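K.L.:
Structure supplied as protein.cif; contents: mmCIF, C-alpha atoms and all ligand atoms.
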data_run
loop_
_atom_site.group_PDB
_atom_site.id
_atom_site.type_symbol
_atom_site.label_atom_id
_atom_site.label_comp_id
_atom_site.auth_asym_id
_atom_site.auth_seq_id
_atom_site.Cartn_x
_atom_site.Cartn_y
_atom_site.Cartn_z
ATOM 1 C CA MET A 1 27.065 7.280 11.389
ATOM 2 C CA CYS A 2 25.128 7.216 14.635
ATOM 3 C CA GLY A 3 27.174 5.379 17.239
ATOM 4 C CA VAL A 4 24.035 4.305 19.073
ATOM 5 C CA CYS A 5 21.796 2.834 16.389
ATOM 6 C CA GLY A 6 24.309 2.560 13.532
ATOM 7 C CA CYS A 7 21.722 3.725 11.063
ATOM 8 C CA GLY A 8 23.421 6.561 9.226
ATOM 9 C CA ASP A 9 20.450 8.856 9.652
ATOM 10 C CA GLN A 10 20.925 12.507 10.491
ATOM 11 C CA HIS A 11 20.567 12.283 14.242
ATOM 12 C CA GLN A 12 21.786 15.099 16.430
ATOM 13 C CA HIS A 13 25.183 13.824 17.468
ATOM 14 C CA SER A 14 26.341 14.725 20.926
ATOM 15 C CA PRO A 15 30.073 15.129 21.598
ATOM 16 C CA LYS A 16 29.739 11.963 23.700
ATOM 17 C CA HIS A 17 28.831 9.932 20.584
ATOM 18 C CA SER A 18 31.825 11.328 18.710
ATOM 19 C CA HIS A 19 34.038 10.369 21.580
ATOM 20 C CA ILE A 20 32.650 6.797 21.604
ATOM 21 C CA LEU A 21 33.232 6.364 17.904
ATOM 22 C CA GLY A 22 36.557 8.172 17.827
ATOM 23 C CA LEU A 23 35.336 10.112 14.787
ATOM 24 C CA SER A 24 35.108 13.861 14.422
ATOM 25 C CA PRO A 25 31.602 15.314 13.936
ATOM 26 C CA THR A 26 32.603 16.459 10.426
ATOM 27 C CA ARG A 27 33.711 12.954 9.479
ATOM 28 C CA MET A 28 30.458 11.475 10.834
ATOM 29 C CA VAL A 29 28.331 13.943 8.874
ATOM 30 C CA LYS A 30 30.266 12.949 5.724
ATOM 31 C CA ILE A 31 29.610 9.231 6.375
ATOM 32 C CA GLU A 32 25.905 9.933 6.926
ATOM 33 C CA GLN A 33 25.695 11.901 3.708
ATOM 34 C CA ASP A 34 27.374 9.068 1.772
ATOM 35 C CA ILE A 35 24.980 6.458 3.214
ATOM 36 C CA LEU A 36 21.901 8.533 2.406
ATOM 37 C CA ALA A 37 23.150 9.387 -1.105
ATOM 38 C CA LYS A 38 23.735 5.676 -1.822
ATOM 39 C CA ASN A 39 20.281 4.840 -0.469
ATOM 40 C CA ASN A 40 18.652 7.537 -2.600
ATOM 41 C CA HIS A 41 20.319 6.097 -5.702
ATOM 42 C CA TYR A 42 18.795 2.656 -5.078
ATOM 43 C CA ALA A 43 15.459 4.186 -4.070
ATOM 44 C CA ALA A 44 15.285 5.941 -7.446
ATOM 45 C CA GLU A 45 15.926 2.596 -9.179
ATOM 46 C CA ASN A 46 13.150 0.957 -7.155
ATOM 47 C CA ARG A 47 10.783 3.817 -7.957
ATOM 48 C CA ARG A 48 11.461 3.368 -11.686
ATOM 49 C CA TYR A 49 10.705 -0.358 -11.353
ATOM 50 C CA PHE A 50 7.420 0.383 -9.525
ATOM 51 C CA THR A 51 6.362 3.064 -11.995
ATOM 52 C CA GLU A 52 7.033 0.844 -15.015
ATOM 53 C CA ARG A 53 4.775 -1.803 -13.486
ATOM 54 C CA GLN A 54 2.133 0.673 -12.280
ATOM 55 C CA MET A 55 2.522 -0.694 -8.764
ATOM 56 C CA LEU A 56 1.342 1.005 -5.582
ATOM 57 C CA VAL A 57 4.007 0.656 -2.896
ATOM 58 C CA LEU A 58 3.327 1.581 0.726
ATOM 59 C CA ASN A 59 6.052 1.696 3.381
ATOM 60 C CA LEU A 60 4.458 0.937 6.772
ATOM 61 C CA VAL A 61 6.374 2.502 9.640
ATOM 62 C CA SER A 62 5.720 2.496 13.393
ATOM 63 C CA SER A 63 7.104 1.470 16.734
ATOM 64 C CA PRO A 64 7.106 -2.281 17.507
ATOM 65 C CA GLY A 65 3.691 -3.670 18.426
ATOM 66 C CA SER A 66 1.467 -0.930 16.967
ATOM 67 C CA GLY A 67 -0.295 -3.633 14.941
ATOM 68 C CA LYS A 68 1.321 -3.476 11.479
ATOM 69 C CA THR A 69 1.236 -7.200 10.771
ATOM 70 C CA THR A 70 -2.264 -7.655 12.208
ATOM 71 C CA LEU A 71 -3.514 -4.741 10.137
ATOM 72 C CA LEU A 72 -1.796 -6.156 7.056
ATOM 73 C CA THR A 73 -3.333 -9.616 7.377
ATOM 74 C CA GLU A 74 -6.802 -8.091 7.889
ATOM 75 C CA THR A 75 -6.299 -5.735 4.935
ATOM 76 C CA ILE A 76 -5.085 -8.544 2.689
ATOM 77 C CA GLU A 77 -8.119 -10.704 3.547
ATOM 78 C CA ARG A 78 -10.365 -7.837 2.439
ATOM 79 C CA LEU A 79 -8.445 -6.915 -0.731
ATOM 80 C CA LYS A 80 -7.061 -10.160 -2.099
ATOM 81 C CA ALA A 81 -10.160 -11.226 -4.063
ATOM 82 C CA ASP A 82 -9.694 -8.424 -6.582
ATOM 83 C CA THR A 83 -6.160 -7.113 -5.983
ATOM 84 C CA GLU A 84 -2.709 -8.608 -6.573
ATOM 85 C CA ILE A 85 -0.731 -8.143 -3.375
ATOM 86 C CA ALA A 86 2.841 -8.843 -2.274
ATOM 87 C CA VAL A 87 4.551 -8.107 1.032
ATOM 88 C CA ILE A 88 8.122 -7.469 2.156
ATOM 89 C CA GLU A 89 8.615 -7.870 5.892
ATOM 90 C CA GLY A 90 11.472 -6.217 7.764
ATOM 91 C CA ASP A 91 12.551 -7.370 11.214
ATOM 92 C CA GLN A 92 15.885 -7.740 12.938
ATOM 93 C CA GLN A 93 15.352 -11.473 13.473
ATOM 94 C CA THR A 94 12.896 -14.315 12.669
ATOM 95 C CA SER A 95 10.468 -14.956 9.813
ATOM 96 C CA ARG A 96 7.403 -14.855 12.046
ATOM 97 C CA ASP A 97 5.709 -11.949 10.278
ATOM 98 C CA ALA A 98 6.354 -13.311 6.755
ATOM 99 C CA GLU A 99 4.794 -16.579 7.949
ATOM 100 C CA ARG A 100 1.715 -14.707 9.230
ATOM 101 C CA ILE A 101 1.382 -13.003 5.832
ATOM 102 C CA SER A 102 1.995 -16.219 3.848
ATOM 103 C CA ALA A 103 -0.921 -17.793 5.728
ATOM 104 C CA THR A 104 -3.223 -15.405 3.835
ATOM 105 C CA GLY A 105 -1.965 -16.887 0.554
ATOM 106 C CA VAL A 106 -0.134 -13.824 -0.794
ATOM 107 C CA PRO A 107 3.602 -13.896 -1.566
ATOM 108 C CA ALA A 108 5.725 -12.594 1.298
ATOM 109 C CA LEU A 109 9.456 -12.216 1.730
ATOM 110 C CA GLN A 110 11.248 -11.608 5.013
ATOM 111 C CA ILE A 111 14.321 -9.407 5.268
ATOM 112 C CA ASN A 112 16.270 -9.786 8.512
ATOM 113 C CA THR A 113 18.348 -6.706 9.220
ATOM 114 C CA GLY A 114 20.365 -8.256 12.090
ATOM 115 C CA LYS A 115 21.652 -5.279 14.067
ATOM 116 C CA GLY A 116 20.146 -2.856 11.530
ATOM 117 C CA CYS A 117 17.209 -0.791 12.704
ATOM 118 C CA HIS A 118 15.616 0.159 9.355
ATOM 119 C CA LEU A 119 15.215 -1.167 5.810
ATOM 120 C CA GLU A 120 17.406 0.228 3.037
ATOM 121 C CA ALA A 121 16.492 0.614 -0.618
ATOM 122 C CA GLN A 122 19.210 -1.730 -1.898
ATOM 123 C CA ARG A 123 17.796 -4.649 0.124
ATOM 124 C CA ILE A 124 14.341 -3.912 -1.288
ATOM 125 C CA GLY A 125 15.751 -4.027 -4.834
ATOM 126 C CA LEU A 126 17.276 -7.454 -4.152
ATOM 127 C CA ALA A 127 14.008 -8.675 -2.614
ATOM 128 C CA LEU A 128 12.134 -7.639 -5.776
ATOM 129 C CA ASP A 129 14.336 -9.961 -7.839
ATOM 130 C CA SER A 130 13.049 -12.977 -5.926
ATOM 131 C CA LEU A 131 9.542 -11.742 -5.087
ATOM 132 C CA GLN A 132 8.726 -10.760 -8.705
ATOM 133 C CA PRO A 133 5.607 -8.727 -7.838
ATOM 134 C CA LYS A 134 2.954 -8.533 -10.545
ATOM 135 C CA ALA A 135 2.199 -5.454 -12.636
ATOM 136 C CA GLN A 136 -0.506 -3.233 -11.082
ATOM 137 C CA SER A 137 -0.095 -4.974 -7.740
ATOM 138 C CA VAL A 138 0.002 -3.417 -4.302
ATOM 139 C CA LEU A 139 3.283 -3.986 -2.475
ATOM 140 C CA PHE A 140 3.252 -3.446 1.275
ATOM 141 C CA ILE A 141 6.622 -3.052 2.959
ATOM 142 C CA GLU A 142 6.488 -3.533 6.736
ATOM 143 C CA ASN A 143 9.511 -1.662 8.023
ATOM 144 C CA VAL A 144 11.471 -2.525 11.162
ATOM 145 C CA GLY A 145 9.579 -1.345 14.275
ATOM 146 C CA ASN A 146 11.281 1.981 14.978
ATOM 147 C CA LEU A 147 9.822 5.501 14.972
ATOM 148 C CA VAL A 148 13.184 7.148 14.311
ATOM 149 C CA CYS A 149 15.503 6.306 11.428
ATOM 150 C CA PRO A 150 13.148 4.613 8.879
ATOM 151 C CA SER A 151 11.872 8.182 8.330
ATOM 152 C CA GLY A 152 15.156 9.105 6.624
ATOM 153 C CA PHE A 153 15.362 6.149 4.242
ATOM 154 C CA ASP A 154 13.405 6.345 0.997
ATOM 155 C CA LEU A 155 12.669 2.846 -0.338
ATOM 156 C CA GLY A 156 11.074 4.083 -3.566
ATOM 157 C CA GLU A 157 7.562 3.905 -2.093
ATOM 158 C CA ALA A 158 4.633 6.093 -3.105
ATOM 159 C CA HIS A 159 3.846 6.840 0.542
ATOM 160 C CA LYS A 160 5.057 6.221 4.031
ATOM 161 C CA VAL A 161 2.099 5.213 6.196
ATOM 162 C CA VAL A 162 2.714 5.700 9.903
ATOM 163 C CA ILE A 163 0.754 3.526 12.305
ATOM 164 C CA LEU A 164 0.269 4.796 15.844
ATOM 165 C CA SER A 165 -1.716 2.773 18.352
ATOM 166 C CA VAL A 166 -3.676 4.374 21.145
ATOM 167 C CA THR A 167 -1.696 2.479 23.803
ATOM 168 C CA GLU A 168 1.422 4.484 22.894
ATOM 169 C CA GLY A 169 0.242 7.904 24.123
ATOM 170 C CA GLU A 170 -1.030 10.911 22.176
ATOM 171 C CA ASP A 171 2.259 12.802 22.257
ATOM 172 C CA LYS A 172 4.231 10.574 19.871
ATOM 173 C CA PRO A 173 3.788 12.849 16.810
ATOM 174 C CA ILE A 174 5.573 15.713 18.582
ATOM 175 C CA LYS A 175 8.186 13.429 20.167
ATOM 176 C CA TYR A 176 9.084 11.786 16.830
ATOM 177 C CA PRO A 177 8.234 14.586 14.380
ATOM 178 C CA ASP A 178 10.479 13.375 11.533
ATOM 179 C CA MET A 179 8.405 10.243 11.074
ATOM 180 C CA PHE A 180 5.049 12.025 11.151
ATOM 181 C CA HIS A 181 6.433 14.668 8.822
ATOM 182 C CA ALA A 182 7.649 12.024 6.333
ATOM 183 C CA ALA A 183 4.312 10.158 6.287
ATOM 184 C CA ASN A 184 1.356 11.069 4.076
ATOM 185 C CA LEU A 185 -1.117 9.008 6.079
ATOM 186 C CA MET A 186 -1.417 8.215 9.773
ATOM 187 C CA LEU A 187 -3.444 5.203 10.861
ATOM 188 C CA LEU A 188 -4.532 5.516 14.473
ATOM 189 C CA ASN A 189 -4.915 1.851 15.415
ATOM 190 C CA LYS A 190 -6.464 -0.089 18.324
ATOM 191 C CA ILE A 191 -9.342 2.353 18.811
ATOM 192 C CA ASP A 192 -11.306 -0.601 20.244
ATOM 193 C CA LEU A 193 -9.204 -0.040 23.384
ATOM 194 C CA LEU A 194 -10.147 3.629 23.845
ATOM 195 C CA PRO A 195 -12.774 2.939 26.556
ATOM 196 C CA TYR A 196 -10.021 1.491 28.770
ATOM 197 C CA LEU A 197 -7.454 4.264 28.278
ATOM 198 C CA ASP A 198 -7.215 8.001 28.867
ATOM 199 C CA PHE A 199 -5.802 8.586 25.373
ATOM 200 C CA ASP A 200 -6.852 12.033 24.071
ATOM 201 C CA VAL A 201 -7.734 11.450 20.393
ATOM 202 C CA GLU A 202 -8.333 15.128 19.540
ATOM 203 C CA GLN A 203 -5.009 16.134 21.091
ATOM 204 C CA CYS A 204 -3.218 13.384 19.160
ATOM 205 C CA LEU A 205 -4.730 14.501 15.846
ATOM 206 C CA ALA A 206 -3.800 18.116 16.640
ATOM 207 C CA TYR A 207 -0.189 17.108 17.371
ATOM 208 C CA ALA A 208 0.018 15.159 14.093
ATOM 209 C CA LYS A 209 -1.332 18.161 12.131
ATOM 210 C CA GLN A 210 1.037 20.481 13.992
ATOM 211 C CA VAL A 211 3.998 18.434 12.727
ATOM 212 C CA ASN A 212 2.527 17.814 9.272
ATOM 213 C CA PRO A 213 -0.482 19.960 8.274
ATOM 214 C CA ASN A 214 -1.055 17.826 5.156
ATOM 215 C CA ILE A 215 -1.150 14.431 6.872
ATOM 216 C CA GLU A 216 -4.293 12.390 6.293
ATOM 217 C CA ILE A 217 -5.617 10.448 9.275
ATOM 218 C CA ILE A 218 -7.777 7.349 9.548
ATOM 219 C CA GLN A 219 -8.881 5.962 12.908
ATOM 220 C CA LEU A 220 -9.295 2.194 12.889
ATOM 221 C CA SER A 221 -9.071 -1.092 14.711
ATOM 222 C CA ALA A 222 -7.444 -4.095 13.076
ATOM 223 C CA LYS A 223 -9.195 -6.159 15.741
ATOM 224 C CA SER A 224 -12.829 -4.962 15.506
ATOM 225 C CA GLY A 225 -12.667 -3.966 11.836
ATOM 226 C CA GLN A 226 -13.847 -0.427 12.542
ATOM 227 C CA GLY A 227 -12.375 2.024 10.010
ATOM 228 C CA LEU A 228 -10.936 -0.684 7.749
ATOM 229 C CA GLU A 229 -13.306 0.227 4.935
ATOM 230 C CA GLU A 230 -12.033 3.799 4.910
ATOM 231 C CA TRP A 231 -8.438 2.463 4.766
ATOM 232 C CA GLN A 232 -9.380 0.108 1.901
ATOM 233 C CA THR A 233 -10.922 3.017 -0.010
ATOM 234 C CA TRP A 234 -7.758 5.064 0.545
ATOM 235 C CA ILE A 235 -5.653 2.204 -0.909
ATOM 236 C CA LYS A 236 -7.978 1.823 -3.912
ATOM 237 C CA ASN A 237 -7.838 5.561 -4.620
ATOM 238 C CA GLN A 238 -4.036 5.544 -4.449
ATOM 239 C CA GLN A 239 -3.905 2.481 -6.684
ATOM 240 C CA ALA A 240 -6.014 4.248 -9.316
ATOM 241 C CA LEU A 241 -3.451 7.067 -9.359
ATOM 242 C CA GLN A 242 -0.647 4.659 -10.421
ATOM 243 C CA ALA A 243 -2.368 3.568 -13.643
HETATM 244 N N1 LIG W 301 -6.883 -4.519 20.847
HETATM 245 C C1 LIG W 301 -6.218 -4.494 19.712
HETATM 246 N N2 LIG W 301 -5.068 -5.158 19.593
HETATM 247 C C2 LIG W 301 -4.419 -5.109 18.408
HETATM 248 C C3 LIG W 301 -4.916 -4.385 17.287
HETATM 249 N N3 LIG W 301 -4.036 -4.522 16.271
HETATM 250 C C4 LIG W 301 -3.046 -5.304 16.726
HETATM 251 N N4 LIG W 301 -3.272 -5.673 18.008
HETATM 252 C C5 LIG W 301 -2.407 -6.508 18.869
HETATM 253 O O1 LIG W 301 -1.175 -5.830 19.077
HETATM 254 C C6 LIG W 301 -0.114 -6.780 19.197
HETATM 255 C C7 LIG W 301 1.006 -6.450 18.207
HETATM 256 O O2 LIG W 301 0.513 -6.631 16.891
HETATM 257 P P1 LIG W 301 1.441 -6.851 15.628
HETATM 258 O O3 LIG W 301 0.539 -6.903 14.448
HETATM 259 O O4 LIG W 301 2.374 -7.993 15.843
HETATM 260 O O5 LIG W 301 2.277 -5.472 15.634
HETATM 261 P P2 LIG W 301 3.585 -5.044 14.797
HETATM 262 O O6 LIG W 301 4.753 -5.302 15.681
HETATM 263 O O7 LIG W 301 3.398 -3.566 14.544
HETATM 264 O O8 LIG W 301 3.589 -5.841 13.535
HETATM 265 C C8 LIG W 301 -0.727 -8.141 18.967
HETATM 266 O O9 LIG W 301 -0.985 -8.741 20.209
HETATM 267 C C9 LIG W 301 -2.037 -7.830 18.235
HETATM 268 O O10 LIG W 301 -3.047 -8.799 18.444
HETATM 269 C C10 LIG W 301 -6.157 -3.679 17.464
HETATM 270 O O11 LIG W 301 -6.675 -2.999 16.567
HETATM 271 N N5 LIG W 301 -6.747 -3.765 18.682
HETATM 272 MG MG MG W 302 5.068 -7.004 12.577
HETATM 273 ZN ZN ZN W 303 18.321 2.732 11.685
#
The structure in this file should be written as structure tokens.
P.N.:
Amino acid sequence: MCGVCGCGDQHQHSPKHSHILGLSPTRMVKIEQDILAKNNHYAAENRRYFTERQMLVLNLVSSPGSGKTTLLTETIERLKADTEIAVIEGDQQTSRDAERISATGVPALQINTGKGCHLEAQRIGLALDSLQPKAQSVLFIENVGNLVCPSGFDLGEAHKVVILSVTEGEDKPIKYPDMFHAANLMLLNKIDLLPYLDFDVEQCLAYAKQVNPNIEIIQLSAKSGQGLEEWQTWIKNQQALQA
């Protein structure tokens, strides 16, 4: 397990980490493999549950502050009239985001991971027991803000959706390639701020495609509403595929 973030993902372990933990690299690799195998088992159970209910499940991943919760509340306001929606919120501490979602009137459940830096499939399975999402609903899972290890943990979702905001710099896809490789869709958020920044949109899109040639990309602003219709259409199309 990674001695820095404790997440069990397959980070490159330096000898320094091994020394800190007092574990040999071989032993650490074995622990990582066990953690990921256990997670995959629960993810498969979740996926069965979602398939039986014809649910669309999206795992939203990004660094903290990219606008996941804002985008979710705006999306919910636009979809809730004709779509059943539920939300699972992941954060290390507080229920602030679940409260923001609950204000829209859709069921939301907060998972606090404490020191944990990603959501795991087993916790999602337990959350489903109390959330009881409806058949044919859309379930959004807002992962813990972290562009690294949530990429390695399958929660049983149909797609990982990575949100990158233009204030973060255009080079993030090549700095955190695992996440952009694992995602099927990238939402480039906060484009309302582009006039004030020297963010190179074309370069960013090229970096994302370099890491993942199949990634779809939508440029939007949760604040101004620009691009939200395209995102809604994408969700509706994915939902139709679950039926
Ligand atoms: N200008 C601008 N600000 C945004 C946009 N989306 C989110 N924000 C702001 O970014 C900050 C972080 O948003 P939040 O939704 O909490 O991000 P999260 O940590 O990814 O859930 C808040 O101050 C939001 O108001 C956007 O499209 N444009
Ligand atoms: Mg949030
Ligand atoms: Zn982690």
K.L.:
Counting only C-alpha atoms, what is within 9 Å of Pro173 (chain A), bar same-chain residues fewer than 2 positions away, as JSON, numbers by chain?
P.N.:
{"A": [164, 170, 171, 175, 176, 177, 178, 179, 180, 181, 204, 205, 207, 208, 209, 210, 211]}
K.L.:
Any chance you could work out the axis-aligned box around ligand LIG 301 (chain W), listed atoms only, 8 Å on each side, giving centre and edge lengths in Å to one decimal, as JSON?
P.N.:
{"center_x": -1.1, "center_y": -5.9, "center_z": 17.2, "size_x": 27.6, "size_y": 21.8, "size_z": 23.3}
K.L.:
Would you kindly translate the PyMOL selection byres (((chain A and resi 62) around 6) and not hetatm) into the concrete residues it picks from this file, as a list in words?
P.N.:
Val61, Ser63, Gly145, Asn146, Leu147, Val162 and Ile163 of chain A
K.L.:
Taking only C-alpha atoms and all ligand atoms into account, which residues are within 6 Å of ligand MG 302 (chain W), as a list in words?
P.N.:
Lys68, Thr69 and Asp97 of chain A
K.L.:
List as number ranges by chain the protein and nucleic acid residues near region 81-91 of chain A, meaning an atom at most 10 Å away when all atoms listed in the file are counted, but skip any in the same chain fewer than 4 places from it.
P.N.:
A: 55-60, 64, 69, 72, 76-77, 95-99, 101-102, 105-120, 124, 127-128, 131-145, 236, 239
K.L.:
Can you pull out every residue with an atom within 7 Å of ligand LIG 301 (chain W)? Use all atoms listed in the file and format it as a list in words.
P.N.:
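Using all atoms listed in the file, everything at most 7 Å from ligand LIG 301 (chain W) comes to Ser62, Ser63, Pro64, Gly65, Ser66, Gly67, Lys68, Thr69, Thr70, Leu71, Gly145, Asn189, Lys190, Ile191, Asp192, Leu193, Leu220, Ser221, Ala222, Lys223 and Ser224 of chain A.
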K.L.:
Looking at only C-alpha atoms and all ligand atoms, which of A:Lys80, A:Arg100, A:Ser151, A:Thr51 is the one that sits closest to ligand ZN 303 (chain W)?
P.N.:
A:Ser151
K.L.:
One number please: CA of Ala43 (chain A) to CA of Ile174 (chain A), in Å, one decimal.
P.N.:
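Distance reported for this atom pair: 27.3 Å.
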K.L.:
When you draw a straight line from CA of Thr233 (chain A) to CA of Asn184 (chain A), how long is it in Å?
P.N.:
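Atom-to-atom, CA of Thr233 (chain A) to CA of Asn184 (chain A), that is 15.2 Å.
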K.L.:
Quick one: of A:Val29, A:Val148, A:Asp129, A:Arg123, who's nearest to ligand ZN 303 (chain W), counting only C-alpha atoms and all ligand atoms?
P.N.:
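Closest to ligand ZN 303 (chain W) of all the choices is A:Val148.
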K.L.:
Go through A:Thr167, A:Gln232, A:Gln93, A:Asn212 one by one, measure the shortest atom-to-atom distance of each to Asp200 (chain A) using all atoms listed in the file, and give the residue with the smallest value.
P.N.:
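Closest to Asp200 (chain A), using all atoms listed in the file: A:Thr167.
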K.L.:
Could you please determine the separation between CA of Glu230 (chain A) and CA of Glu52 (chain A) in Å, to one decimal place?
P.N.:
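About the pair CA of Glu230 (chain A) and CA of Glu52 (chain A): they are 27.7 Å apart.
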K.L.:
Considering all atoms listed in the file, can you say which of A:Val161, A:Ile235, A:Ala240, A:Leu36 comes closest to Ile217 (chain A)?
P.N.:
A:Val161
